[in-house]
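A quick write-up on the structure given underneath.
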Amino acid sequence: MKLRFAAVLLLFLLSLPSCGSGEEAAPKQNSPSDRATLDISGVTQLLDLLDLIIRKNPQYKATIAWLQNRPNDEARKERELLAQRNAEDPEVKTAIDALLSSPTYKLYYKQFRNVTPEIHRQVLCALPCTAIRSPGDIASSLQELCGNRDSVRAWVTSVVSQIDLNKSHQIALQWLPPGDYTLPPIHFLYDGNGDAFACDGEIGFDLYGIIFGVRPQETRFTNLSAVGVNEIEGVLAHELHHIYAARYLYPPGREHATWRDEWKDRLIRQIVSEGVAMQCNPLQGLRRTLKEDTTIVRYWIGQLNDKLAALRTGSITEPQIEAWYDSSFQETARMLLNEYRKRVSPTADSAAYMWQHQVDRPTMVYTLGWWMVGRISEGGKNKNTVIQLLKEPEQLFGSYNSSVPAKDKGLKINY
């Protein structure tokens, strides 16, 4: 039976058919007591808040035009006054408090360290007239949303009602050992700081990062009926896999002799986790091209080999490897994206290209996860090797090296 999910916080009983094909073992399915939550309140609360802020600032479009023609100091002071007025308005303050304390945003702040409730508050109070400088440029995506609230609200209500979590669940099960897997709560948001994530046994799904942010800016909010549920279901399968696979990749009681051993283990398990989960929603388009670009792959393998050697010799501190790891998701990944642009699209506008493709940036974990697991599994054809890798992630480097031709020494891992 195909299950459909209504828009807000509805709980549905799931009874799932057997999964698997051919001679593969079919994972044991959920019991009738399993339940799931599909929560769009983070999006609807945000849209309601923007409605309220715009009611308080009905001439905001004229104000934006006026500010653009004023001297910098005068415009800055006026923007500060507008933000202060929003911050001091009791209705606006109450609505912001409710949004930022919601289950969706509590999960968000557990996942992301670059944005705090105070940063979100500053961003929201500056709207609708100003997109202040902010991590992930979330202010720009939210200011853009101000003028397109009705389109997004209608699309969200329509599309979420069509999402088939049974389908996402079944896709994830194909890349897991047999077992009981319970669907977790799923929260939708609209932000642009990330895309989708699994955290504390729940899922966050950023509609901007996955759906709207990858559409051309000039047509981002038009013809939304063409944006269906297939991609959403694939991404949800990916995140469900992270949650389901955690019992194998991160079992309780794991111990490490030193922090260096712990870091090596962390890198291995992160690469395996993403590499296997990406089999649930195989990469397409530029995102795939970037993660199969041998120049980028060689760079990350070189970086990983350097850090593994430094961990072995004790020539790196824990703060240094932490900083390197954090940078691999942001600054370094953006640098690699820009270098790729220079190689393949040298005449493209740099700022526009980077803005349009920021969610595609080739981070280390995603790039090496896709590259290594793809070769170990022979392009996803051999599911058994992938499932075994979940049980024995420490075999990653050896299994990967065995899949690399002898002539490609620069693509091997020195571990």
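Chain lettering (A, B, ...) mirrors the order of the structure tokens, residue numbering begins at 1 for each chain separately, and ligand numbering begins at 1 in order of display.
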
For this session: Find the residues near Gln84 (chain A): any atom within 9 Å, counting only C-alpha atoms, skip ones fewer than 5 places away on the same chain, and give them as a PyMOL selection string.
Result: chain A and resi 79+89+125-126

Exercise. Which of region 45-225 of chain A counts as alpha helix (DSSP H) under DSSP, as a VMD selection string please?
Worked result: chain A and resid 45 to 56 60 to 68 72 to 88 90 to 100 103 to 111 117 to 126 138 to 146 149 to 160 165 to 173 207

For this session: Among the residues of region 199-232 of chain A, find those DSSP assigns to strand (DSSP E) from the backbone and print them as a ChimeraX atom specification.
Result: /A:199,202-206

Exercise. From the list A:Ile301, A:Ile387, A:Cys146, A:Ile232, which residue is nearest Gln162 (chain A) when using only C-alpha atoms?
Worked result: A:Ile232

How close does each residue of region 156-238 of chain A get to region 46-57 of chain A, giving the shortest atom pair and distance in Å to one decimal for every residue with an atom at most 12 Å away, counting only C-alpha atoms, sorted by chain and residue number, as a Markdown table?
| residue | atom | partner | partner_atom | distance |
| --- | --- | --- | --- | --- |
| A:Val156 | CA | A:Leu47 | CA | 11.0 |
| A:Phe188 | CA | A:Leu46 | CA | 11.0 |
| A:Leu189 | CA | A:Leu46 | CA | 8.4 |
| A:Tyr190 | CA | A:Leu46 | CA | 8.0 |
| A:Asp191 | CA | A:Leu46 | CA | 9.8 |

Could you write out that same residue set with N, CA and C atoms as a JSON list (two decimals), in the first residue's frame?
[["chain", "number", "residue", "atom", "x", "y", "z"],
["A", 156, "VAL", "N", 4.92, 23.93, -1.23],
["A", 156, "VAL", "CA", 5.23, 23.05, -0.09],
["A", 156, "VAL", "C", 4.00, 22.24, 0.30],
["A", 188, "PHE", "N", 11.32, 19.78, 7.73],
["A", 188, "PHE", "CA", 11.64, 20.62, 6.59],
["A", 188, "PHE", "C", 11.93, 22.04, 7.06],
["A", 189, "LEU", "N", 12.92, 22.68, 6.40],
["A", 189, "LEU", "CA", 13.22, 24.08, 6.68],
["A", 189, "LEU", "C", 13.59, 24.77, 5.37],
["A", 190, "TYR", "N", 13.78, 26.06, 5.45],
["A", 190, "TYR", "CA", 14.16, 26.85, 4.26],
["A", 190, "TYR", "C", 15.23, 27.82, 4.71],
["A", 191, "ASP", "N", 16.47, 27.57, 4.24],
["A", 191, "ASP", "CA", 17.58, 28.32, 4.82],
["A", 191, "ASP", "C", 18.71, 28.56, 3.82]]

For this session: Tell me, in Å to one decimal, how far CA of Leu176 (chain A) is from CA of Ala245 (chain A).
Result: 7.0 Å

Problem set entry | Nearby residues (only C-alpha atoms) at most 10 Å from Phe212 (chain A), same-chain spacing under 3 positions excluded, as an MDAnalysis selection string | chainID A and resid 141 152 190 192 206:209 215:217 219:221 224 227

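Atom pair CA of Asp39 (chain A) / CA of His187 (chain A): separated by 4.7 Å.
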
Exercise. Can you tell me how far CA of Gly136 (chain A) sits from CA of Leu183 (chain A), in Å to one decimal?
Worked result: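 Those two atoms sit 29.5 Å apart.
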
Exercise. So which residues touch Thr157 (chain A) within 12 Å, counting only C-alpha atoms, skipping near sequence neighbours fewer than 3 positions away, as a PyMOL selection string?
Worked result: chain A and resi 5-8+39-41+43-44+150-154+160-163+188+225

For the residues in the current selection, export C-alpha atoms as a PDB file, in the first residue's frame.
ATOM      1  CA  PHE A   5       1.576  12.065   4.029  1.00  0.00           C
ATOM      2  CA  ALA A   6      -0.432  15.222   4.767  1.00  0.00           C
ATOM      3  CA  ALA A   7       1.308  18.460   5.421  1.00  0.00           C
ATOM      4  CA  VAL A   8       1.702  19.091   9.119  1.00  0.00           C
ATOM      5  CA  ASP A  39       7.091  18.155   9.906  1.00  0.00           C
ATOM      6  CA  ILE A  40       6.819  21.298   7.748  1.00  0.00           C
ATOM      7  CA  SER A  41       6.120  23.637  10.649  1.00  0.00           C
ATOM      8  CA  VAL A  43       8.733  26.329   6.857  1.00  0.00           C
ATOM      9  CA  THR A  44       5.184  27.479   7.607  1.00  0.00           C
ATOM     10  CA  ASP A 150       2.866  32.580  -1.620  1.00  0.00           C
ATOM     11  CA  SER A 151       4.484  30.488  -4.364  1.00  0.00           C
ATOM     12  CA  VAL A 152       6.624  28.587  -1.885  1.00  0.00           C
ATOM     13  CA  ARG A 153       3.757  28.053   0.553  1.00  0.00           C
ATOM     14  CA  ALA A 154       1.490  26.621  -2.157  1.00  0.00           C
ATOM     15  CA  VAL A 160       4.719  17.377   0.830  1.00  0.00           C
ATOM     16  CA  SER A 161       1.309  15.719   0.607  1.00  0.00           C
ATOM     17  CA  GLN A 162       2.681  13.582  -2.238  1.00  0.00           C
ATOM     18  CA  ILE A 163       5.895  12.377  -0.592  1.00  0.00           C
ATOM     19  CA  PHE A 188      11.644  20.618   6.594  1.00  0.00           C
ATOM     20  CA  SER A 225       4.729  22.368 -10.586  1.00  0.00           C
TER      21      SER A 225
END

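Every protein or nucleic acid residue with an atom no more than 8 Å from Arg334 (chain A), counting only C-alpha atoms and leaving out same-chain residues fewer than 4 positions away, appears here: A:Gln330, A:Asn338, A:Met354, A:Gln358, A:Arg361, A:Pro362.
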
For this session: Name all residues at most 9 Å from Leu99 (chain A) (count only C-alpha atoms; drop same-chain ones fewer than 2 positions away) and give them as a list in words.
Result: Ser41, Gly42, Gln45, Leu46, Leu49, Thr94, Ala95, Ile96, Asp97, Ser101, Ser102, Pro103, Thr104 and Tyr105 of chain A

Kindly export the residues of the current selection with C-alpha atoms, as a PDB file, in the first residue's frame.
ATOM      1  CA  SER A  41       6.120  23.637  10.649  1.00  0.00           C
ATOM      2  CA  GLY A  42       9.644  25.110  10.348  1.00  0.00           C
ATOM      3  CA  GLN A  45       6.302  29.316  10.765  1.00  0.00           C
ATOM      4  CA  LEU A  46       9.023  31.063   8.757  1.00  0.00           C
ATOM      5  CA  LEU A  49       6.914  35.347  10.291  1.00  0.00           C
ATOM      6  CA  THR A  94       7.309  36.493  19.844  1.00  0.00           C
ATOM      7  CA  ALA A  95       7.169  34.987  16.354  1.00  0.00           C
ATOM      8  CA  ILE A  96      10.976  34.825  16.085  1.00  0.00           C
ATOM      9  CA  ASP A  97      11.229  33.244  19.534  1.00  0.00           C
ATOM     10  CA  SER A 101      12.798  27.403  19.699  1.00  0.00           C
ATOM     11  CA  SER A 102      10.858  24.994  17.460  1.00  0.00           C
ATOM     12  CA  PRO A 103      11.964  21.342  17.153  1.00  0.00           C
ATOM     13  CA  THR A 104      13.184  22.078  13.610  1.00  0.00           C
ATOM     14  CA  TYR A 105      15.551  24.850  14.649  1.00  0.00           C
TER      15      TYR A 105
END
